[in-house]
Amino acid sequence: MSSDEKIHETVRAYYGQKARELTAGEGCCAPSTCDCSTSYSGEALLDIPEEISLGSFGCANPLTHASLREGERVLDLGSGGGLDCFLAARQVGPTGQVIGVDMTDEMLDLATRNSRRLGFEHVEFRHGTIESIPVDDQSVDAVLSNCVINLSPDKPEVFAEIFRVLAPGGRVSLADIVTLGPLSSEYLDQGDSWAACVAGALTIDDYAEGLTRAGFTDVSVLPADGSDWRNVAHGHPISALITGRKPARSSFPSEGPGAG
Ligand SMILES: C[S@@+](CC[C@H](N)C(=O)[O-])C[C@H]1O[C@@H](n2cnc3c(N)ncnc32)[C@H](O)[C@@H]1O
C-alpha cells in the first residue's frame, strides 16, 4: 500500500468510527481540531435538527463567503454527515443541485439518512475521493469543503480537481485548518494527528500558492474568527476561510477548444 493509500485508510477508519458513534446516538465532541463545529449561527442552522447540526466535523462555516444563488450547482468535498450540503441546498433552492462527495461509506450512509429526514430531493451523495472527484468537467458553479483538504495526502491533485470540475467563473469557498509558518512539532507527536486535522495542515502561504498554481485567481486565506494574521501565533493549527475564483476564460491549455 502506498503512503497516500495508508493515509486514506487511516482517515477512513477514523471517520467511519465517528459516523458509527453518531448513528448509535453517542453524539460528537471528542476533542480534536475538526470535531463539533460551533461556527454556525442559529440563523444559519434555522430548522436543522440538533442531531444533524451537532454531527458536524467542520472547523468553520464555508458558506460564509460562498454567496450561493438560487439555481446554482454546488459541490461539497468530504461532505461527512451532510450539514453544509443541506445549508447549501436551502440557499440554491429546488432549481439548484448539491452534490456531496465522501470516501467513507458510514458517512455517506449517515448523510443519506439525514437528507431523507430533511426531505431534500436536490441533494445527492457520491462515493469517491477528493483527489479524483466523481463529477464531470466544468459542471458546478461553487465548490465548498469543510475541514477536509488538510486530510488529503495530495493537495496539488485536489486543487487541480477542483479547478477541473468548476465551470469558468466558478468559485471555491473552503473552511480548513492551516498554520502560520510550519506546524509546531508538539502537534505532530499526538496520536491520530493526521486524521484529527492537524498534521496535514498547510501553511497559509502554501495554501494560497497551491490554489494559484492550479489556476485560481483572487485567492484569499483569512482566519475564520475574523482576527488578523498578525495576532495569530506561529505553528499552531487555526481555522481559516479560503476563497478563490476560476477565471471566466481559462488560459490552461487542457481547457482550450478541442482539448480532451
Ligand atoms: C473532518 S470531517 C468533515 C466532514 C464535513 N465536511 C463536516 O464539516 O462535518 C472529514 C470528512 O472528509 C472525508 N474525507 C477525508 N479525506 C477524504 C478524501 N481524500 N476523499 C474524500 N473524502 C475524504 C472523511 O470521510 C470525513 O467524512
# chains A, B, ... in the order shown; residues from 1 in each chain; ligands from 1

$ residues_around --residues "segment 20-23 of chain A" --least-positions-apart "2" --cutoff "10 Å" --atoms "only C-alpha atoms" --output "list in words"
Tyr15, Gly16, Gln17, Lys18, Gly25, Glu26, Gly27, Cys28, Glu51, Ile52, Leu54, Gly55, Gly81, Glu106, Met107, Asp109, Leu110 and Arg113 of chain A

$ write_last_selection --atoms "N, CA and C atoms" --output "PDB file, in the first residue's frame"
ATOM      1  N   TYR A  15     -13.041   8.316  10.513  1.00  0.00           N
ATOM      2  CA  TYR A  15     -14.374   8.927  10.307  1.00  0.00           C
ATOM      3  C   TYR A  15     -15.477   7.875  10.189  1.00  0.00           C
ATOM      4  N   GLY A  16     -15.106   6.653   9.835  1.00  0.00           N
ATOM      5  CA  GLY A  16     -16.092   5.573   9.882  1.00  0.00           C
ATOM      6  C   GLY A  16     -16.549   5.365  11.324  1.00  0.00           C
ATOM      7  N   GLN A  17     -15.576   5.368  12.227  1.00  0.00           N
ATOM      8  CA  GLN A  17     -15.888   5.201  13.654  1.00  0.00           C
ATOM      9  C   GLN A  17     -16.731   6.372  14.161  1.00  0.00           C
ATOM     10  N   LYS A  18     -16.368   7.586  13.746  1.00  0.00           N
ATOM     11  CA  LYS A  18     -17.133   8.775  14.178  1.00  0.00           C
ATOM     12  C   LYS A  18     -18.583   8.665  13.692  1.00  0.00           C
ATOM     13  N   GLY A  25     -26.096   7.274  18.374  1.00  0.00           N
ATOM     14  CA  GLY A  25     -26.621   8.307  19.283  1.00  0.00           C
ATOM     15  C   GLY A  25     -25.629   8.713  20.341  1.00  0.00           C
ATOM     16  N   GLU A  26     -24.359   8.364  20.123  1.00  0.00           N
ATOM     17  CA  GLU A  26     -23.359   8.712  21.136  1.00  0.00           C
ATOM     18  C   GLU A  26     -22.887  10.150  20.986  1.00  0.00           C
ATOM     19  N   GLY A  27     -23.315  10.790  19.897  1.00  0.00           N
ATOM     20  CA  GLY A  27     -23.008  12.205  19.719  1.00  0.00           C
ATOM     21  C   GLY A  27     -21.569  12.427  19.330  1.00  0.00           C
ATOM     22  N   CYS A  28     -21.244  13.690  19.178  1.00  0.00           N
ATOM     23  CA  CYS A  28     -19.949  14.112  18.681  1.00  0.00           C
ATOM     24  C   CYS A  28     -19.100  14.558  19.882  1.00  0.00           C
ATOM     25  N   GLU A  51     -29.552  16.846  16.129  1.00  0.00           N
ATOM     26  CA  GLU A  51     -28.768  15.609  15.895  1.00  0.00           C
ATOM     27  C   GLU A  51     -27.953  15.755  14.613  1.00  0.00           C
ATOM     28  N   ILE A  52     -28.479  16.523  13.660  1.00  0.00           N
ATOM     29  CA  ILE A  52     -27.743  16.689  12.397  1.00  0.00           C
ATOM     30  C   ILE A  52     -26.702  17.800  12.525  1.00  0.00           C
ATOM     31  N   LEU A  54     -25.237  18.909  15.184  1.00  0.00           N
ATOM     32  CA  LEU A  54     -24.142  18.558  16.101  1.00  0.00           C
ATOM     33  C   LEU A  54     -23.251  17.461  15.535  1.00  0.00           C
ATOM     34  N   GLY A  55     -23.660  16.899  14.414  1.00  0.00           N
ATOM     35  CA  GLY A  55     -22.838  15.879  13.764  1.00  0.00           C
ATOM     36  C   GLY A  55     -21.839  16.481  12.805  1.00  0.00           C
ATOM     37  N   GLY A  81     -21.538  14.135   7.428  1.00  0.00           N
ATOM     38  CA  GLY A  81     -22.965  13.906   7.696  1.00  0.00           C
ATOM     39  C   GLY A  81     -23.880  14.783   6.858  1.00  0.00           C
ATOM     40  N   GLU A 106     -19.652   4.858   5.864  1.00  0.00           N
ATOM     41  CA  GLU A 106     -20.529   5.139   7.014  1.00  0.00           C
ATOM     42  C   GLU A 106     -20.989   6.596   7.001  1.00  0.00           C
ATOM     43  N   MET A 107     -20.109   7.512   6.546  1.00  0.00           N
ATOM     44  CA  MET A 107     -20.501   8.929   6.463  1.00  0.00           C
ATOM     45  C   MET A 107     -21.548   9.119   5.369  1.00  0.00           C
ATOM     46  N   ASP A 109     -23.705   6.896   4.356  1.00  0.00           N
ATOM     47  CA  ASP A 109     -24.977   6.345   4.860  1.00  0.00           C
ATOM     48  C   ASP A 109     -25.651   7.354   5.785  1.00  0.00           C
ATOM     49  N   LEU A 110     -24.845   7.932   6.667  1.00  0.00           N
ATOM     50  CA  LEU A 110     -25.386   8.910   7.621  1.00  0.00           C
ATOM     51  C   LEU A 110     -25.970  10.119   6.874  1.00  0.00           C
ATOM     52  N   ARG A 113     -29.246   9.243   5.133  1.00  0.00           N
ATOM     53  CA  ARG A 113     -30.377   9.177   6.090  1.00  0.00           C
ATOM     54  C   ARG A 113     -30.797  10.580   6.503  1.00  0.00           C
TER      55      ARG A 113
END

$ select_by_dssp --residues "segment 27-251 of chain A" --states "strand (DSSP E)" --output "PDB file with C-alpha atoms, in the first residue's frame"
ATOM      1  CA  ARG A  73     -24.853  23.738  -8.789  1.00  0.00           C
ATOM      2  CA  VAL A  74     -22.760  23.172  -5.669  1.00  0.00           C
ATOM      3  CA  LEU A  75     -20.226  20.502  -4.780  1.00  0.00           C
ATOM      4  CA  ASP A  76     -19.169  19.776  -1.180  1.00  0.00           C
ATOM      5  CA  LEU A  77     -15.905  17.853  -0.819  1.00  0.00           C
ATOM      6  CA  GLN A  97     -28.311  20.984  -7.286  1.00  0.00           C
ATOM      7  CA  VAL A  98     -25.983  19.920  -4.456  1.00  0.00           C
ATOM      8  CA  ILE A  99     -23.542  17.002  -4.635  1.00  0.00           C
ATOM      9  CA  GLY A 100     -21.636  15.777  -1.592  1.00  0.00           C
ATOM     10  CA  VAL A 101     -18.586  13.549  -2.119  1.00  0.00           C
ATOM     11  CA  ASP A 102     -17.016  11.433   0.610  1.00  0.00           C
ATOM     12  CA  VAL A 123     -29.093  16.769  -2.765  1.00  0.00           C
ATOM     13  CA  GLU A 124     -27.088  13.729  -3.839  1.00  0.00           C
ATOM     14  CA  PHE A 125     -24.180  11.956  -2.149  1.00  0.00           C
ATOM     15  CA  ARG A 126     -21.462  10.218  -4.170  1.00  0.00           C
ATOM     16  CA  HIS A 127     -18.727   7.855  -3.094  1.00  0.00           C
ATOM     17  CA  VAL A 140     -20.501  23.063 -10.902  1.00  0.00           C
ATOM     18  CA  ASP A 141     -20.706  26.765 -10.010  1.00  0.00           C
ATOM     19  CA  ALA A 142     -19.258  26.571  -6.496  1.00  0.00           C
ATOM     20  CA  VAL A 143     -17.094  24.126  -4.564  1.00  0.00           C
ATOM     21  CA  LEU A 144     -17.338  24.011  -0.782  1.00  0.00           C
ATOM     22  CA  SER A 145     -15.345  21.945   1.671  1.00  0.00           C
ATOM     23  CA  ASN A 146     -15.146  21.979   5.439  1.00  0.00           C
ATOM     24  CA  LEU A 166     -15.683  24.181 -11.762  1.00  0.00           C
ATOM     25  CA  ALA A 167     -17.396  25.985 -14.609  1.00  0.00           C
ATOM     26  CA  PRO A 168     -15.491  29.022 -15.935  1.00  0.00           C
ATOM     27  CA  GLY A 169     -16.038  31.884 -13.488  1.00  0.00           C
ATOM     28  CA  GLY A 170     -16.905  29.395 -10.732  1.00  0.00           C
ATOM     29  CA  ARG A 171     -15.682  29.843  -7.191  1.00  0.00           C
ATOM     30  CA  VAL A 172     -14.226  27.899  -4.332  1.00  0.00           C
ATOM     31  CA  SER A 173     -15.189  28.605  -0.711  1.00  0.00           C
ATOM     32  CA  LEU A 174     -13.447  26.464   1.857  1.00  0.00           C
ATOM     33  CA  ALA A 175     -13.048  26.145   5.589  1.00  0.00           C
ATOM     34  CA  ASP A 176      -9.882  24.371   6.624  1.00  0.00           C
ATOM     35  CA  ILE A 177      -7.156  24.066   9.225  1.00  0.00           C
ATOM     36  CA  VAL A 178      -3.975  25.961   8.328  1.00  0.00           C
ATOM     37  CA  THR A 179      -0.899  27.204  10.138  1.00  0.00           C
ATOM     38  CA  LEU A 202      -0.792  23.543   5.037  1.00  0.00           C
ATOM     39  CA  THR A 203       0.735  26.889   5.889  1.00  0.00           C
ATOM     40  CA  THR A 217      -7.335  33.977  -9.040  1.00  0.00           C
ATOM     41  CA  ASP A 218      -8.439  36.321  -6.230  1.00  0.00           C
ATOM     42  CA  VAL A 219      -7.202  33.782  -3.671  1.00  0.00           C
ATOM     43  CA  SER A 220      -7.699  34.764  -0.047  1.00  0.00           C
ATOM     44  CA  VAL A 221      -6.883  32.887   3.183  1.00  0.00           C
ATOM     45  CA  LEU A 222      -8.269  34.562   6.315  1.00  0.00           C
ATOM     46  CA  PRO A 223      -8.623  33.486   9.953  1.00  0.00           C
ATOM     47  CA  ILE A 238      -6.070  27.505  13.174  1.00  0.00           C
ATOM     48  CA  SER A 239      -9.383  27.563  11.276  1.00  0.00           C
ATOM     49  CA  ALA A 240      -9.363  29.619   8.102  1.00  0.00           C
ATOM     50  CA  LEU A 241     -11.815  30.615   5.387  1.00  0.00           C
ATOM     51  CA  ILE A 242     -10.333  30.323   1.917  1.00  0.00           C
ATOM     52  CA  THR A 243     -11.775  31.689  -1.307  1.00  0.00           C
ATOM     53  CA  GLY A 244     -10.732  31.837  -4.954  1.00  0.00           C
ATOM     54  CA  ARG A 245     -12.166  32.049  -8.435  1.00  0.00           C
TER      55      ARG A 245
END

$ residues_around --residues "Gly71 of chain A" --least-positions-apart "3" --cutoff "9 Å" --atoms "only C-alpha atoms" --output "ChimeraX atom specification"
/A:68,91-97

$ select_by_dssp --residues "segment 94-202 of chain A" --states "helix (DSSP H, G or I)" --output "PyMOL selection string"
chain A and resi 105-118+149-151+155-165+185-188

$ write_last_selection --atoms "N, CA and C atoms" --output "mmCIF file, in the first residue's frame"
data_model
loop_
_atom_site.group_PDB
_atom_site.id
_atom_site.type_symbol
_atom_site.label_atom_id
_atom_site.label_comp_id
_atom_site.auth_asym_id
_atom_site.auth_seq_id
_atom_site.Cartn_x
_atom_site.Cartn_y
_atom_site.Cartn_z
ATOM 1 N N ASP A 105 -17.843 5.093 3.677
ATOM 2 C CA ASP A 105 -19.203 4.552 3.494
ATOM 3 C C ASP A 105 -20.139 4.954 4.631
ATOM 4 N N GLU A 106 -19.652 4.858 5.864
ATOM 5 C CA GLU A 106 -20.529 5.139 7.014
ATOM 6 C C GLU A 106 -20.989 6.596 7.001
ATOM 7 N N MET A 107 -20.109 7.512 6.546
ATOM 8 C CA MET A 107 -20.501 8.929 6.463
ATOM 9 C C MET A 107 -21.548 9.119 5.369
ATOM 10 N N LEU A 108 -21.356 8.415 4.244
ATOM 11 C CA LEU A 108 -22.328 8.530 3.145
ATOM 12 C C LEU A 108 -23.688 8.000 3.597
ATOM 13 N N ASP A 109 -23.705 6.896 4.356
ATOM 14 C CA ASP A 109 -24.977 6.345 4.860
ATOM 15 C C ASP A 109 -25.651 7.354 5.785
ATOM 16 N N LEU A 110 -24.845 7.932 6.667
ATOM 17 C CA LEU A 110 -25.386 8.910 7.621
ATOM 18 C C LEU A 110 -25.970 10.119 6.874
ATOM 19 N N ALA A 111 -25.211 10.626 5.905
ATOM 20 C CA ALA A 111 -25.666 11.801 5.143
ATOM 21 C C ALA A 111 -26.951 11.481 4.378
ATOM 22 N N THR A 112 -27.021 10.300 3.805
ATOM 23 C CA THR A 112 -28.208 9.909 3.032
ATOM 24 C C THR A 112 -29.434 9.833 3.958
ATOM 25 N N ARG A 113 -29.246 9.243 5.133
ATOM 26 C CA ARG A 113 -30.377 9.177 6.090
ATOM 27 C C ARG A 113 -30.797 10.580 6.503
ATOM 28 N N ASN A 114 -29.803 11.436 6.782
ATOM 29 C CA ASN A 114 -30.119 12.814 7.200
ATOM 30 C C ASN A 114 -30.886 13.545 6.097
ATOM 31 N N SER A 115 -30.470 13.335 4.847
ATOM 32 C CA SER A 115 -31.101 14.029 3.720
ATOM 33 C C SER A 115 -32.552 13.582 3.568
ATOM 34 N N ARG A 116 -32.784 12.265 3.702
ATOM 35 C CA ARG A 116 -34.170 11.756 3.590
ATOM 36 C C ARG A 116 -35.022 12.368 4.687
ATOM 37 N N ARG A 117 -34.450 12.453 5.884
ATOM 38 C CA ARG A 117 -35.199 13.011 7.013
ATOM 39 C C ARG A 117 -35.604 14.459 6.724
ATOM 40 N N LEU A 118 -34.712 15.204 6.061
ATOM 41 C CA LEU A 118 -35.000 16.613 5.779
ATOM 42 C C LEU A 118 -35.816 16.784 4.497
ATOM 43 N N ILE A 149 -9.565 19.208 3.199
ATOM 44 C CA ILE A 149 -8.388 19.224 2.318
ATOM 45 C C ILE A 149 -7.104 18.993 3.121
ATOM 46 N N ASN A 150 -7.085 19.434 4.391
ATOM 47 C CA ASN A 150 -5.904 19.162 5.220
ATOM 48 C C ASN A 150 -5.672 17.656 5.366
ATOM 49 N N LEU A 151 -6.743 16.858 5.191
ATOM 50 C CA LEU A 151 -6.632 15.403 5.376
ATOM 51 C C LEU A 151 -6.060 14.707 4.145
ATOM 52 N N LYS A 155 -2.449 17.384 -1.938
ATOM 53 C CA LYS A 155 -3.211 18.643 -2.085
ATOM 54 C C LYS A 155 -3.146 19.209 -3.515
ATOM 55 N N PRO A 156 -1.979 19.179 -4.205
ATOM 56 C CA PRO A 156 -1.975 19.715 -5.578
ATOM 57 C C PRO A 156 -3.009 19.025 -6.465
ATOM 58 N N GLU A 157 -3.177 17.711 -6.279
ATOM 59 C CA GLU A 157 -4.157 16.979 -7.085
ATOM 60 C C GLU A 157 -5.575 17.445 -6.742
ATOM 61 N N VAL A 158 -5.827 17.687 -5.455
ATOM 62 C CA VAL A 158 -7.161 18.167 -5.037
ATOM 63 C C VAL A 158 -7.447 19.526 -5.668
ATOM 64 N N PHE A 159 -6.472 20.419 -5.632
ATOM 65 C CA PHE A 159 -6.688 21.762 -6.205
ATOM 66 C C PHE A 159 -6.921 21.656 -7.718
ATOM 67 N N ALA A 160 -6.168 20.768 -8.377
ATOM 68 C CA ALA A 160 -6.353 20.596 -9.827
ATOM 69 C C ALA A 160 -7.740 20.027 -10.125
ATOM 70 N N GLU A 161 -8.193 19.110 -9.297
ATOM 71 C CA GLU A 161 -9.514 18.516 -9.493
ATOM 72 C C GLU A 161 -10.631 19.546 -9.271
ATOM 73 N N ILE A 162 -10.467 20.398 -8.271
ATOM 74 C CA ILE A 162 -11.476 21.438 -8.022
ATOM 75 C C ILE A 162 -11.562 22.348 -9.251
ATOM 76 N N PHE A 163 -10.388 22.688 -9.780
ATOM 77 C CA PHE A 163 -10.340 23.565 -10.956
ATOM 78 C C PHE A 163 -11.039 22.891 -12.140
ATOM 79 N N ARG A 164 -10.809 21.598 -12.285
ATOM 80 C CA ARG A 164 -11.401 20.855 -13.413
ATOM 81 C C ARG A 164 -12.928 20.862 -13.359
ATOM 82 N N VAL A 165 -13.498 20.626 -12.177
ATOM 83 C CA VAL A 165 -14.965 20.453 -12.096
ATOM 84 C C VAL A 165 -15.709 21.782 -12.102
ATOM 85 N N SER A 185 6.244 21.148 16.329
ATOM 86 C CA SER A 185 6.441 19.694 16.421
ATOM 87 C C SER A 185 5.556 19.057 17.491
ATOM 88 N N GLU A 186 5.131 19.820 18.494
ATOM 89 C CA GLU A 186 4.293 19.231 19.551
ATOM 90 C C GLU A 186 3.019 18.609 18.979
ATOM 91 N N TYR A 187 2.529 19.163 17.840
ATOM 92 C CA TYR A 187 1.283 18.653 17.254
ATOM 93 C C TYR A 187 1.501 17.384 16.457
ATOM 94 N N LEU A 188 2.733 17.194 15.995
ATOM 95 C CA LEU A 188 2.995 16.040 15.146
ATOM 96 C C LEU A 188 3.113 14.761 15.965
#

$ closest_residue --among "A:Ala44, A:Ala248, A:Leu83, A:Leu180" --to "Gln138 of chain A" --atoms "only C-alpha atoms"
A:Ala248

$ atom_distance --atom1 "atom 6 (N, counted along the ligand's line) of ligand 1" --atom2 "atom CA of Thr212 of chain A"
22.8 Å

$ closest_residue --among "A:Ala201, A:Ala233, A:Ile7, A:Ala66" --to "ligand 1" --atoms "only C-alpha atoms and all ligand atoms"
A:Ile7

$ closest_residue --among "A:Arg69, A:His122, A:His8, A:Arg90" --to "ligand 1" --atoms "only C-alpha atoms and all ligand atoms"
A:His8

$ closest_residue --among "A:Leu87, A:Cys59, A:Ala224, A:Ile48" --to "ligand 1" --atoms "only C-alpha atoms and all ligand atoms"
A:Cys59

$ closest_residue --among "A:Ser132, A:Ser227, A:Ser79, A:Ser139" --to "ligand 1" --atoms "only C-alpha atoms and all ligand atoms"
A:Ser79

$ atom_distance --atom1 "atom CA of Ala60 of chain A" --atom2 "atom CA of Gly226 of chain A"
11.2 Å

$ closest_residue --among "A:Ala196, A:Ala88, A:Ala24, A:Leu45" --to "ligand 1" --atoms "only C-alpha atoms and all ligand atoms"
A:Ala196
